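S.K.: Enclosed is the structure file target.txt (compact mmCIF, C-alpha atoms).
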# COMPACT_ATOMS: atom_id res chain seq x y z
CA MET A 1 15.19 -13.14 -29.95
CA THR A 2 16.31 -12.78 -26.35
CA THR A 3 17.46 -15.79 -24.41
CA HIS A 4 16.21 -16.58 -20.90
CA THR A 5 19.48 -15.28 -19.49
CA GLN A 6 19.20 -11.98 -21.32
CA HIS A 7 15.59 -11.70 -20.21
CA ALA A 8 16.55 -12.36 -16.58
CA GLU A 9 19.31 -9.76 -16.79
CA GLN A 10 16.89 -7.28 -18.33
CA LEU A 11 14.39 -7.82 -15.50
CA SER A 12 17.06 -7.52 -12.82
CA THR A 13 17.96 -4.03 -14.06
CA THR A 14 14.33 -2.83 -14.28
CA THR A 15 12.65 -1.18 -11.34
CA LEU A 16 9.60 -2.51 -9.52
CA LEU A 17 6.37 -0.53 -9.13
CA ARG A 18 3.72 -1.62 -6.65
CA PHE A 19 0.34 -0.15 -7.51
CA ALA A 20 -3.27 -0.60 -6.49
CA THR A 21 -6.48 -0.11 -8.42
CA ALA A 22 -9.70 1.16 -6.86
CA GLY A 23 -13.07 2.23 -8.18
CA SER A 24 -16.80 1.96 -7.62
CA VAL A 25 -18.68 -1.16 -8.63
CA ASP A 26 -19.12 -1.42 -12.41
CA ASP A 27 -16.60 1.31 -13.17
CA GLY A 28 -14.74 -1.25 -15.27
CA LYS A 29 -11.78 -1.80 -12.98
CA SER A 30 -11.38 -5.51 -13.68
CA THR A 31 -11.72 -4.77 -17.40
CA LEU A 32 -8.95 -2.16 -17.13
CA VAL A 33 -6.65 -4.61 -15.36
CA GLY A 34 -7.53 -7.32 -17.90
CA ARG A 35 -6.83 -4.90 -20.76
CA LEU A 36 -3.51 -3.90 -19.19
CA LEU A 37 -2.46 -7.55 -18.89
CA HIS A 38 -3.78 -8.46 -22.34
CA ASP A 39 -2.36 -5.53 -24.32
CA SER A 40 1.02 -5.68 -22.57
CA LYS A 41 1.24 -9.36 -23.64
CA SER A 42 1.25 -10.54 -20.01
CA VAL A 43 -1.46 -13.19 -20.39
CA LEU A 44 -0.70 -16.83 -21.05
CA THR A 45 -2.41 -18.35 -24.10
CA ASP A 46 -4.34 -20.91 -22.06
CA GLN A 47 -5.63 -18.16 -19.73
CA LEU A 48 -6.86 -16.19 -22.73
CA GLU A 49 -8.48 -19.27 -24.26
CA ALA A 50 -10.30 -19.98 -20.97
CA VAL A 51 -11.59 -16.39 -20.86
CA GLU A 52 -12.72 -16.56 -24.50
CA HIS A 53 -14.51 -19.84 -23.82
CA ALA A 54 -16.24 -18.46 -20.68
CA SER A 55 -17.24 -15.30 -22.57
CA ARG A 56 -18.72 -17.30 -25.48
CA SER A 57 -20.70 -19.48 -23.10
CA ARG A 58 -22.26 -16.30 -21.72
CA GLY A 59 -23.22 -15.21 -25.20
CA GLN A 60 -20.52 -12.50 -25.45
CA GLU A 61 -18.76 -12.13 -28.79
CA ALA A 62 -15.62 -10.39 -27.52
CA PRO A 63 -13.61 -11.89 -24.64
CA ASP A 64 -14.59 -10.39 -21.27
CA LEU A 65 -11.16 -9.30 -20.02
CA ALA A 66 -12.54 -8.76 -16.50
CA LEU A 67 -12.50 -12.56 -16.12
CA LEU A 68 -8.69 -12.45 -16.14
CA THR A 69 -8.69 -10.85 -12.68
CA ASP A 70 -11.84 -11.90 -10.85
CA GLY A 71 -10.61 -15.24 -9.60
CA LEU A 72 -13.17 -16.18 -6.95
CA ARG A 73 -16.29 -17.95 -8.19
CA ALA A 74 -18.52 -15.51 -6.27
CA GLU A 75 -16.69 -12.65 -7.98
CA ARG A 76 -17.32 -14.10 -11.43
CA GLU A 77 -20.96 -14.94 -10.72
CA GLN A 78 -21.82 -11.53 -9.31
CA GLY A 79 -19.49 -9.61 -11.60
CA ILE A 80 -17.83 -7.87 -8.64
CA THR A 81 -14.42 -7.89 -6.99
CA ILE A 82 -14.47 -9.09 -3.35
CA ASP A 83 -10.93 -9.79 -2.24
CA VAL A 84 -7.57 -8.21 -3.03
CA ALA A 85 -6.03 -10.03 -6.00
CA TYR A 86 -2.32 -9.62 -6.63
CA ARG A 87 -1.11 -9.77 -10.22
CA TYR A 88 2.51 -9.82 -11.33
CA PHE A 89 3.51 -8.69 -14.80
CA ALA A 90 6.44 -7.04 -16.52
CA THR A 91 7.33 -4.97 -19.56
CA PRO A 92 10.88 -4.40 -20.81
CA ARG A 93 10.91 -1.10 -18.88
CA ARG A 94 9.57 -2.13 -15.47
CA ARG A 95 8.18 -4.92 -13.29
CA PHE A 96 4.80 -4.53 -11.63
CA ILE A 97 2.93 -5.89 -8.62
CA LEU A 98 -0.71 -4.92 -8.93
CA ALA A 99 -3.17 -5.10 -6.04
CA ASP A 100 -6.67 -5.20 -7.53
CA THR A 101 -8.94 -4.00 -4.71
CA PRO A 102 -12.73 -4.11 -4.40
CA GLY A 103 -15.05 -1.16 -4.97
CA HIS A 104 -17.90 -1.99 -2.59
CA VAL A 105 -18.25 0.13 0.56
CA GLN A 106 -18.18 -2.99 2.73
CA TYR A 107 -14.75 -3.88 1.34
CA THR A 108 -13.04 -0.58 2.26
CA ARG A 109 -10.76 -2.63 4.55
CA ASN A 110 -9.60 -4.64 1.53
CA MET A 111 -8.58 -1.45 -0.24
CA VAL A 112 -6.56 -0.44 2.83
CA THR A 113 -4.73 -3.79 2.60
CA GLY A 114 -3.98 -3.37 -1.09
CA ALA A 115 -2.94 0.28 -0.95
CA SER A 116 -0.80 0.03 2.21
CA THR A 117 2.32 -0.97 0.26
CA ALA A 118 1.46 0.78 -3.03
CA GLU A 119 3.51 3.59 -4.51
CA LEU A 120 0.70 4.48 -6.89
CA ALA A 121 -3.08 4.14 -6.87
CA VAL A 122 -5.28 4.07 -9.97
CA VAL A 123 -8.72 5.42 -9.07
CA LEU A 124 -11.35 4.63 -11.70
CA VAL A 125 -14.33 6.85 -12.45
CA ASP A 126 -17.21 6.18 -14.86
CA ALA A 127 -17.30 9.15 -17.26
CA ARG A 128 -21.13 9.06 -17.17
CA ASN A 129 -21.31 9.30 -13.36
CA GLY A 130 -18.36 11.53 -12.56
CA VAL A 131 -16.92 11.81 -9.05
CA VAL A 132 -19.17 9.84 -6.67
CA GLU A 133 -19.05 9.12 -2.94
CA GLN A 134 -16.91 6.03 -3.42
CA THR A 135 -14.42 8.03 -5.52
CA ARG A 136 -13.95 10.44 -2.65
CA ARG A 137 -13.58 7.51 -0.26
CA HIS A 138 -10.82 6.00 -2.40
CA ALA A 139 -9.06 9.37 -2.59
CA ALA A 140 -9.31 9.61 1.21
CA VAL A 141 -7.84 6.13 1.73
CA ALA A 142 -4.99 6.91 -0.71
CA ALA A 143 -4.31 10.15 1.20
CA LEU A 144 -4.42 8.40 4.60
CA LEU A 145 -2.01 5.72 3.45
CA ARG A 146 0.32 8.37 2.00
CA VAL A 147 0.29 6.85 -1.51
CA PRO A 148 2.70 9.19 -3.37
CA HIS A 149 1.08 9.06 -6.84
CA VAL A 150 -2.59 8.88 -7.79
CA VAL A 151 -3.88 8.28 -11.33
CA LEU A 152 -7.46 9.27 -12.07
CA ALA A 153 -8.60 6.99 -14.92
CA VAL A 154 -11.80 8.43 -16.39
CA ASN A 155 -13.25 5.27 -17.96
CA LYS A 156 -16.03 4.57 -20.48
CA MET A 157 -15.17 7.68 -22.54
CA ASP A 158 -16.65 5.80 -25.52
CA LEU A 159 -20.08 6.12 -23.87
CA VAL A 160 -19.86 9.92 -23.72
CA ASP A 161 -18.65 10.27 -27.33
CA TYR A 162 -15.06 10.89 -26.19
CA ALA A 163 -16.07 14.44 -25.17
CA GLU A 164 -13.20 16.50 -23.76
CA PRO A 165 -15.43 18.79 -21.57
CA VAL A 166 -16.78 15.71 -19.71
CA PHE A 167 -13.24 14.56 -18.93
CA ALA A 168 -12.02 18.06 -18.02
CA ALA A 169 -14.85 18.65 -15.51
CA ILE A 170 -14.28 15.30 -13.75
CA ALA A 171 -10.49 15.78 -13.67
CA GLU A 172 -10.84 19.28 -12.21
CA GLU A 173 -13.26 18.19 -9.48
CA PHE A 174 -11.21 15.15 -8.43
CA THR A 175 -7.87 16.97 -8.53
CA ALA A 176 -9.14 19.78 -6.29
CA TYR A 177 -10.57 17.27 -3.83
CA ALA A 178 -7.50 14.99 -3.69
CA ALA A 179 -5.15 17.97 -3.41
CA SER A 180 -7.17 19.24 -0.44
CA LEU A 181 -6.41 15.94 1.32
CA GLY A 182 -2.69 16.36 0.61
CA VAL A 183 -2.27 13.84 -2.24
CA PRO A 184 1.08 15.04 -3.67
CA GLU A 185 0.65 14.09 -7.34
CA ILE A 186 -2.48 13.48 -9.42
CA THR A 187 -2.49 12.48 -13.09
CA ALA A 188 -5.80 12.30 -14.99
CA ILE A 189 -6.09 10.06 -18.07
CA PRO A 190 -9.22 9.59 -20.26
CA ILE A 191 -9.65 5.92 -21.20
CA SER A 192 -11.97 3.24 -22.50
CA ALA A 193 -10.88 -0.06 -20.93
CA LEU A 194 -13.33 -2.02 -23.08
CA ALA A 195 -12.11 -0.53 -26.36
CA GLY A 196 -8.49 -0.20 -25.23
CA ASP A 197 -8.28 3.59 -25.64
CA ASN A 198 -5.27 5.09 -23.80
CA VAL A 199 -4.68 1.95 -21.71
CA VAL A 200 -1.64 0.56 -23.51
CA GLU A 201 -2.10 2.11 -26.95
CA PRO A 202 -2.88 5.82 -27.53
CA SER A 203 -6.48 6.51 -28.55
CA ALA A 204 -7.37 7.52 -32.09
CA HIS A 205 -10.63 8.96 -30.76
CA MET A 206 -9.15 11.49 -28.35
CA ASP A 207 -6.65 13.58 -30.30
CA TRP A 208 -7.36 16.42 -27.85
CA TYR A 209 -5.49 14.49 -25.14
CA GLY A 210 -1.73 14.79 -25.32
CA GLY A 211 -0.70 12.99 -22.13
CA PRO A 212 0.60 9.44 -21.54
CA THR A 213 -1.39 6.20 -21.73
CA VAL A 214 -1.97 4.35 -18.44
CA LEU A 215 0.87 1.89 -19.09
CA GLU A 216 3.22 4.63 -20.27
CA HIS A 217 2.61 6.53 -17.01
CA LEU A 218 3.07 3.35 -14.94
CA GLU A 219 6.36 2.66 -16.72
CA THR A 220 7.77 6.16 -16.29
CA VAL A 221 6.45 7.44 -12.95
CA PRO A 222 9.41 8.00 -10.61
CA VAL A 223 9.53 5.25 -7.99
CA SER A 224 10.88 6.37 -4.63
CA HIS A 225 12.48 3.04 -3.78
CA ASP A 226 15.23 4.96 -2.11
CA LEU A 227 14.45 3.76 1.41
CA THR A 228 18.08 4.61 2.13
CA ALA A 229 17.08 8.27 2.32
CA CYS A 230 14.68 7.52 5.20
CA HIS A 231 15.51 7.36 8.92
CA ALA A 232 17.53 4.16 9.40
CA ARG A 233 15.61 1.50 11.33
CA PHE A 234 16.45 -2.14 12.07
CA PRO A 235 13.85 -4.19 13.98
CA VAL A 236 15.54 -7.23 15.54
CA GLN A 237 13.90 -10.45 14.44
CA TYR A 238 16.20 -13.07 15.92
CA VAL A 239 19.30 -13.27 18.10
CA ILE A 240 21.98 -15.60 16.68
CA ARG A 241 24.23 -17.30 19.26
CA PRO A 242 25.72 -20.46 17.71
CA GLN A 243 28.13 -21.08 20.66
CA THR A 244 30.05 -23.59 18.56
CA ALA A 245 33.76 -24.36 18.67
CA GLU A 246 34.09 -22.41 15.41
CA HIS A 247 32.10 -19.38 16.69
CA PRO A 248 32.31 -19.47 20.49
CA ASP A 249 31.60 -15.76 21.06
CA TYR A 250 29.45 -14.88 18.04
CA ARG A 251 26.39 -12.81 18.89
CA GLY A 252 24.44 -11.29 16.01
CA TYR A 253 21.07 -9.65 15.60
CA ALA A 254 19.23 -10.79 12.49
CA GLY A 255 16.38 -9.05 10.70
CA GLN A 256 15.35 -6.98 7.71
CA ILE A 257 16.40 -3.33 7.51
CA ALA A 258 13.08 -1.46 7.45
CA ALA A 259 14.53 1.82 6.17
CA GLY A 260 17.78 3.68 5.71
CA ALA A 261 21.34 2.33 5.71
CA PHE A 262 23.73 1.07 8.40
CA ARG A 263 27.53 1.21 8.33
CA VAL A 264 30.26 -0.55 10.29
CA GLY A 265 31.63 1.81 12.96
CA GLU A 266 28.37 3.76 13.25
CA ALA A 267 27.11 4.71 16.72
CA VAL A 268 23.66 3.20 17.35
CA THR A 269 21.00 3.22 20.04
CA VAL A 270 18.98 0.15 21.00
CA LEU A 271 15.34 0.88 21.81
CA PRO A 272 13.37 0.81 24.02
CA SER A 273 16.27 0.39 26.52
CA GLY A 274 18.17 3.42 25.16
CA ARG A 275 21.55 1.68 25.48
CA THR A 276 24.23 2.71 22.96
CA SER A 277 26.99 0.90 21.12
CA THR A 278 28.73 0.88 17.74
CA ILE A 279 28.32 -1.52 14.83
CA ALA A 280 31.25 -3.94 14.90
CA GLY A 281 30.22 -5.88 11.81
CA ILE A 282 27.45 -6.55 9.31
CA ASP A 283 26.95 -10.00 7.79
CA ALA A 284 24.92 -10.36 4.59
CA LEU A 285 24.49 -13.68 2.79
CA GLY A 286 27.35 -15.21 4.76
CA GLU A 287 29.84 -12.45 4.00
CA SER A 288 30.98 -9.41 5.96
CA VAL A 289 30.03 -6.07 4.40
CA ASP A 290 30.77 -2.46 5.34
CA ILE A 291 27.33 -1.10 4.57
CA ALA A 292 23.79 -2.48 4.24
CA TRP A 293 20.53 -0.79 3.33
CA ALA A 294 16.78 -1.38 3.17
CA PRO A 295 15.25 -3.81 2.40
CA GLN A 296 18.22 -6.16 2.87
CA SER A 297 18.08 -8.98 5.43
CA VAL A 298 21.30 -8.92 7.45
CA THR A 299 22.88 -9.77 10.79
CA ILE A 300 24.31 -6.85 12.75
CA ARG A 301 27.06 -7.36 15.35
CA LEU A 302 27.65 -4.73 18.04
CA ALA A 303 30.85 -3.82 19.88
CA ASP A 304 29.25 -4.21 23.31
CA ASP A 305 27.30 -7.02 24.96
CA ILE A 306 23.84 -5.51 25.41
CA ASP A 307 20.67 -7.30 26.43
CA ILE A 308 18.82 -7.31 23.08
CA SER A 309 15.94 -9.54 22.07
CA ARG A 310 13.33 -9.89 19.33
CA GLY A 311 11.25 -6.73 19.01
CA ASP A 312 14.04 -4.31 19.94
CA LEU A 313 14.90 -1.61 17.42
CA ILE A 314 18.42 -0.58 16.41
CA ALA A 315 18.69 3.00 15.08
CA PRO A 316 21.48 5.55 14.55
CA ALA A 317 22.27 7.30 17.84
CA ALA A 318 21.93 10.68 16.11
CA ASP A 319 18.54 9.84 14.61
CA ALA A 320 16.68 7.57 17.01
CA PRO A 321 12.88 7.74 17.26
CA SER A 322 11.31 8.83 20.53
CA VAL A 323 9.89 6.09 22.73
CA THR A 324 6.31 6.29 23.96
CA GLN A 325 3.56 4.30 25.63
CA ASP A 326 0.78 6.56 24.35
CA VAL A 327 -0.03 5.99 20.70
CA GLU A 328 -2.34 8.33 18.79
CA ALA A 329 -3.23 7.11 15.34
CA THR A 330 -5.65 6.96 12.46
CA VAL A 331 -6.93 3.43 12.04
CA CYS A 332 -9.06 1.36 9.71
CA HIS A 333 -11.03 -1.28 11.57
CA VAL A 334 -10.89 -4.53 9.60
CA ALA A 335 -12.53 -7.12 11.88
CA ASP A 336 -16.22 -8.00 11.98
CA GLN A 337 -16.26 -7.61 15.77
CA PRO A 338 -16.16 -3.94 16.94
CA LEU A 339 -13.29 -2.12 18.66
CA SER A 340 -14.43 -0.42 21.88
CA VAL A 341 -13.00 2.03 24.41
CA GLY A 342 -11.47 0.09 27.31
CA GLN A 343 -10.79 -3.00 25.19
CA ARG A 344 -7.60 -4.95 25.89
CA VAL A 345 -5.62 -5.73 22.74
CA LEU A 346 -2.17 -6.70 21.54
CA LEU A 347 -0.28 -4.11 19.49
CA LYS A 348 2.11 -5.50 16.86
CA HIS A 349 4.70 -3.01 15.62
CA THR A 350 7.46 -4.37 13.34
CA THR A 351 8.77 -7.46 15.20
CA ARG A 352 7.49 -6.33 18.61
CA THR A 353 4.13 -7.31 20.12
CA VAL A 354 3.00 -5.67 23.38
CA LYS A 355 -0.14 -5.63 25.50
CA ALA A 356 -2.25 -2.49 25.16
CA ILE A 357 -5.58 -0.94 26.07
CA VAL A 358 -7.80 1.29 23.91
CA LYS A 359 -8.02 4.48 26.01
CA ASP A 360 -10.14 6.60 23.68
CA ILE A 361 -11.76 6.71 20.25
CA PRO A 362 -12.00 10.51 19.75
CA SER A 363 -13.74 10.38 16.38
CA ARG A 364 -14.96 8.32 13.47
CA LEU A 365 -14.93 9.35 9.84
CA THR A 366 -18.39 8.89 8.34
CA LEU A 367 -17.62 7.37 4.99
CA ASP A 368 -20.95 8.32 3.42
CA ASP A 369 -20.52 12.09 3.63
CA LEU A 370 -16.91 12.20 4.90
CA SER A 371 -17.90 14.13 8.02
CA GLN A 372 -16.48 13.60 11.49
CA HIS A 373 -18.43 11.98 14.31
CA PRO A 374 -16.98 12.77 17.73
CA ALA A 375 -16.72 10.10 20.45
CA PRO A 376 -18.40 7.16 18.68
CA GLY A 377 -17.47 4.80 21.54
CA GLN A 378 -16.53 2.02 19.13
CA LEU A 379 -15.46 1.31 15.56
CA VAL A 380 -17.11 -1.36 13.42
CA ALA A 381 -15.87 -3.12 10.28
CA ASN A 382 -14.57 -0.73 7.57
CA ASP A 383 -14.73 2.30 9.89
CA ILE A 384 -11.86 4.77 9.73
CA GLY A 385 -11.26 6.78 12.91
CA ARG A 386 -8.82 8.17 15.43
CA VAL A 387 -7.78 6.09 18.44
CA VAL A 388 -5.59 6.59 21.51
CA VAL A 389 -3.89 3.43 22.76
CA ARG A 390 -1.81 2.96 25.92
CA THR A 391 0.80 0.21 25.71
CA ALA A 392 2.19 -1.85 28.59
CA GLU A 393 5.76 -1.35 27.34
CA PRO A 394 7.42 1.54 25.52
CA LEU A 395 7.44 1.50 21.69
CA ALA A 396 9.88 3.15 19.29
CA LEU A 397 7.23 4.36 16.86
CA ASP A 398 7.81 6.78 13.98
CA ALA A 399 5.08 8.98 12.53
CA TYR A 400 3.49 7.19 9.56
CA ALA A 401 4.17 10.31 7.46
CA ASP A 402 7.92 9.75 8.02
CA SER A 403 7.97 5.98 7.57
CA ARG A 404 5.23 3.70 6.32
CA ARG A 405 7.16 0.68 7.65
CA THR A 406 7.86 1.83 11.21
CA GLY A 407 4.85 4.14 11.55
CA SER A 408 2.26 1.41 11.03
CA PHE A 409 0.96 -1.20 13.45
CA LEU A 410 -1.80 -3.76 13.99
CA LEU A 411 -4.18 -4.21 16.89
CA ILE A 412 -4.82 -7.92 17.56
CA ASP A 413 -7.40 -9.78 19.62
CA PRO A 414 -5.39 -11.46 22.45
CA ALA A 415 -7.98 -14.27 22.72
CA ASP A 416 -7.71 -15.72 19.22
CA GLY A 417 -5.06 -13.73 17.34
CA THR A 418 -7.55 -12.08 14.96
CA THR A 419 -6.33 -8.85 13.35
CA LEU A 420 -8.72 -6.14 14.51
CA THR A 421 -7.36 -2.86 13.25
CA ALA A 422 -4.65 -1.42 10.98
CA GLY A 423 -3.11 1.74 12.40
CA MET A 424 -1.07 4.68 11.13
CA ALA A 425 0.67 6.66 13.88
CA GLY A 426 0.56 10.44 13.99
CA ALA A 427 -1.44 12.97 11.99
CA SER A 428 -4.15 11.65 9.69
CA PHE A 429 -3.88 13.52 6.40
CA ALA A 430 -0.93 15.31 4.86
CA ALA A 431 -1.09 19.08 4.66
CA ALA A 432 -2.91 20.37 1.59
CA ALA A 433 -0.72 20.59 -1.47
CA GLU A 434 -1.37 24.33 -1.77
CA PRO A 435 -1.93 26.39 1.38
CA GLY A 436 -5.44 27.73 1.32
CA ALA A 437 -6.54 25.39 -1.46
CA ALA A 438 -8.78 23.53 0.91
CA ALA A 439 -9.49 26.02 3.66
CA ALA A 440 -13.19 25.27 3.48
CA ASP A 441 -12.59 21.55 4.01
CA ASP A 442 -10.08 21.83 6.83
CA ALA A 443 -12.60 21.64 9.63
CA GLU A 444 -14.27 18.65 8.06
CA TRP A 445 -11.02 16.67 7.92
CA ASP A 446 -9.33 17.79 11.11
CA PHE A 447 -10.36 14.84 13.28
Since I need it in another form, could you write the structure as structure tokens?

M.R.:
Amino acid sequence: MTTHTQHAEQLSTTTLLRFATAGSVDDGKSTLVGRLLHDSKSVLTDQLEAVEHASRSRGQEAPDLALLTDGLRAEREQGITIDVAYRYFATPRRRFILADTPGHVQYTRNMVTGASTAELAVVLVDARNGVVEQTRRHAAVAALLRVPHVVLAVNKMDLVDYAEPVFAAIAEEFTAYAASLGVPEITAIPISALAGDNVVEPSAHMDWYGGPTVLEHLETVPVSHDLTACHARFPVQYVIRPQTAEHPDYRGYAGQIAAGAFRVGEAVTVLPSGRTSTIAGIDALGESVDIAWAPQSVTIRLADDIDISRGDLIAPAADAPSVTQDVEATVCHVADQPLSVGQRVLLKHTTRTVKAIVKDIPSRLTLDDLSQHPAPGQLVANDIGRVVVRTAEPLALDAYADSRRTGSFLLIDPADGTTLTAGMAGASFAAAAEPGAAAADDAEWDF
């Protein structure tokens, strides 16, 4: 039996996977998540007893595992997922942070929230219904947010007699569609969340399927946590000037490294001013270090006294982003009030917040048929579209395709601080995985 110390050591050496689940209403998403937690022994006894009790009071013989995830009373009463619920669980091989996102059309914005930091998305499909509108919408959101891995979980296989042709047809249709949007990797798995087939344990009913179970895939999928390979970026959060007898001349710039690595002696550029210097020292957890990398929180000291404040960005001189006041981006509008051309907003990018004006909304993606509507004039809640924003001050913005951390931003209502819109700078979708694979769809998506 492992001690707490051994267990802690074991967890510290395992990697972390952030993943999101998405699916249409009644596709069994909450049941899948409940099954994953239950069969991987990640549920506390009292939680399970409460679920069993609630299930019995509803007249259900078996525990309704969906109740493990739907925490809001309205969710339980209506049997739907409304808000993003985060669940933390671990197996000996890996730790997981799961964002359980809603399936309803009116909660598209919640899926954007959940998938924005995910390295993998599980898209659920009901084997009886196949690929529906909402499935395509979830694939589109995963593609927009550059989620590197997508799992297609074809659920309720028990209701189609575990038929391989049903699964094969759905997998082929979805894979072709997602690949046309530029989703880099798609894995299709036939499951029954209710019966537990291929969720944690392999299914005895589907001997024709030779691939991994859902948990097996989650445990083994390569996680690109190597933010050190990205362009190095350090948004300044706070300037430290103690001016004490002990540290009379200390001036350090504190923050979290968003991507890449920084070394003592490296030539850097401070943006948006464009001034250059070299790194004189890096302090991490009270000690001087020679190198620091994402996502460490550190204090960087520079060789020269430069006017630097919160919101400035430190980057390697050889690899600094370009500075611009004209931002073109794909956005998801998350507020109930619309976003209109000519509207004055605040744009928050990393630690920097600047005044801005919405110059143009060239197009809106119609989520029902995934067609493009030119010049809609405004975006309403859950709309995805292209916007052009002019900022009052220059921004050091990367393309979202290059960096999810420094390529994303928020538009905020200056009157009350409400978040209006989540934005992703640069091109909307990645290029199709295979050239020519989606030639017919190119016009539809080029917005």

S.K.: Name the closest residue to Thr187 of chain A among the candidates A:Val122, A:Trp208, A:Gly130, A:Gly260; distances are taken between atoms, counting all atoms listed in the file.

M.R.: A:Val122

S.K.: Have a look at A:Ala399, A:Met206, A:Val25, A:Ala232 and name the one nearest to Asn129 of chain A; count only C-alpha atoms.

M.R.: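 Closest to Asn129 of chain A, using only C-alpha atoms: A:Val25.
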
S.K.: Tell me which of A:Pro222, A:Gly274, A:Pro165, A:Pro184 sits closest to Thr15 of chain A, counting all atoms listed in the file.

M.R.: A:Pro222

S.K.: Using all atoms listed in the file for the distances, tell me which of A:Ile314, A:Val151, A:Ile300, A:Val323 is nearest to Thr276 of chain A.

M.R.: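 Among the listed residues, A:Ile314 lies closest to Thr276 of chain A.
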
S.K.: Do you have the atom CA of Ala375 of chain A-atom CA of Cys332 of chain A distance handy?

M.R.: 15.8 Å

S.K.: Please determine, counting only C-alpha atoms, which residue among A:Met157, A:Ala188, A:Val141, A:Val270 has the shortest atom-to-atom distance to Ser322 of chain A.

M.R.: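 Closest to Ser322 of chain A, using only C-alpha atoms: A:Val270.
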
S.K.: Which polymer residues, protein or nucleic acid, are no farther than 9 Å from (-13.2, 7.0, 15.9), counting all atoms listed in the file, as number ranges by chain?

M.R.: A: 330-331, 360-365, 372-379, 383-387, 447

S.K.: Which is closer to Ala422 of chain A than all the others in A:Leu395, A:Ile97, A:Ala381, A:Leu410, using only C-alpha atoms?

M.R.: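 Of A:Leu395, A:Ile97, A:Ala381, A:Leu410, the one nearest Ala422 of chain A is A:Leu410, counting only C-alpha atoms.
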
S.K.: May I have the residues within 12 Å of Pro148 of chain A as an MDAnalysis selection string, using only C-alpha atoms and disregarding those fewer than 2 positions away in the same chain?

M.R.: chainID A and resid 17:20 115:122 139 142:146 150:151 178:179 182:187 221:225 401 404 430

S.K.: What lies within 6 Å of Leu32 of chain A using all atoms listed in the file, ignoring chain neighbours under 3 positions off, as an MDAnalysis selection string?

M.R.: chainID A and resid 29 35 193

S.K.: Within 8 Å of (-20.0, 0.9, -15.8) (coordinates as in the file), grab all the protein and nucleic acid residues, counting all atoms listed in the file, and write them out as a list in words.

M.R.: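 Neighbouring residues, ordered by chain and number, come to Val25, Asp26, Asp27, Gly28, Asp126 and Lys156 of chain A.
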
S.K.: Between atom CA of Val147 of chain A and atom CA of Gly423 of chain A, what is the spacing in Å?

M.R.: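 Interatomic distance, atom CA of Gly423 of chain A to atom CA of Val147 of chain A: 15.2 Å.
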
S.K.: Could you jot down the atom CA of Gly281 of chain A to atom CA of Arg301 of chain A separation for me, Å, one decimal place?

M.R.: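 If I compute the distance from atom CA of Gly281 of chain A to atom CA of Arg301 of chain A, I get 5.0 Å.
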
S.K.: Mind checking which residues fall within 10 Å of Gly211 of chain A, counting only C-alpha atoms, ignoring those fewer than 6 positions away in the same chain, and posting them as number ranges by chain?

M.R.: A: 187-190, 198, 202, 217

S.K.: Identify, on the basis of only C-alpha atoms, every residue whose closest approach to segment 252-259 of chain A does not exceed 8 Å; exclude the query and any residue fewer than 5 positions from it along the same chain; express the result as a PDB file with C-alpha atoms, keeping the file's coordinate frame.

M.R.:
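Okay, result_17.pdb is ready:
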ATOM      1  CA  LEU A 227      14.450   3.760   1.410  1.00  0.00           C
ATOM      2  CA  THR A 228      18.080   4.610   2.130  1.00  0.00           C
ATOM      3  CA  ALA A 229      17.080   8.270   2.320  1.00  0.00           C
ATOM      4  CA  CYS A 230      14.680   7.520   5.200  1.00  0.00           C
ATOM      5  CA  HIS A 231      15.510   7.360   8.920  1.00  0.00           C
ATOM      6  CA  ALA A 232      17.530   4.160   9.400  1.00  0.00           C
ATOM      7  CA  ARG A 233      15.610   1.500  11.330  1.00  0.00           C
ATOM      8  CA  PHE A 234      16.450  -2.140  12.070  1.00  0.00           C
ATOM      9  CA  PRO A 235      13.850  -4.190  13.980  1.00  0.00           C
ATOM     10  CA  VAL A 236      15.540  -7.230  15.540  1.00  0.00           C
ATOM     11  CA  GLN A 237      13.900 -10.450  14.440  1.00  0.00           C
ATOM     12  CA  TYR A 238      16.200 -13.070  15.920  1.00  0.00           C
ATOM     13  CA  VAL A 239      19.300 -13.270  18.100  1.00  0.00           C
ATOM     14  CA  ILE A 240      21.980 -15.600  16.680  1.00  0.00           C
ATOM     15  CA  ARG A 241      24.230 -17.300  19.260  1.00  0.00           C
ATOM     16  CA  TRP A 293      20.530  -0.790   3.330  1.00  0.00           C
ATOM     17  CA  ALA A 294      16.780  -1.380   3.170  1.00  0.00           C
ATOM     18  CA  PRO A 295      15.250  -3.810   2.400  1.00  0.00           C
ATOM     19  CA  GLN A 296      18.220  -6.160   2.870  1.00  0.00           C
ATOM     20  CA  SER A 297      18.080  -8.980   5.430  1.00  0.00           C
ATOM     21  CA  VAL A 298      21.300  -8.920   7.450  1.00  0.00           C
ATOM     22  CA  THR A 299      22.880  -9.770  10.790  1.00  0.00           C
ATOM     23  CA  ILE A 300      24.310  -6.850  12.750  1.00  0.00           C
ATOM     24  CA  ARG A 301      27.060  -7.360  15.350  1.00  0.00           C
ATOM     25  CA  LEU A 302      27.650  -4.730  18.040  1.00  0.00           C
ATOM     26  CA  SER A 403       7.970   5.980   7.570  1.00  0.00           C
ATOM     27  CA  ARG A 405       7.160   0.680   7.650  1.00  0.00           C
ATOM     28  CA  THR A 406       7.860   1.830  11.210  1.00  0.00           C
TER      29      THR A 406
END
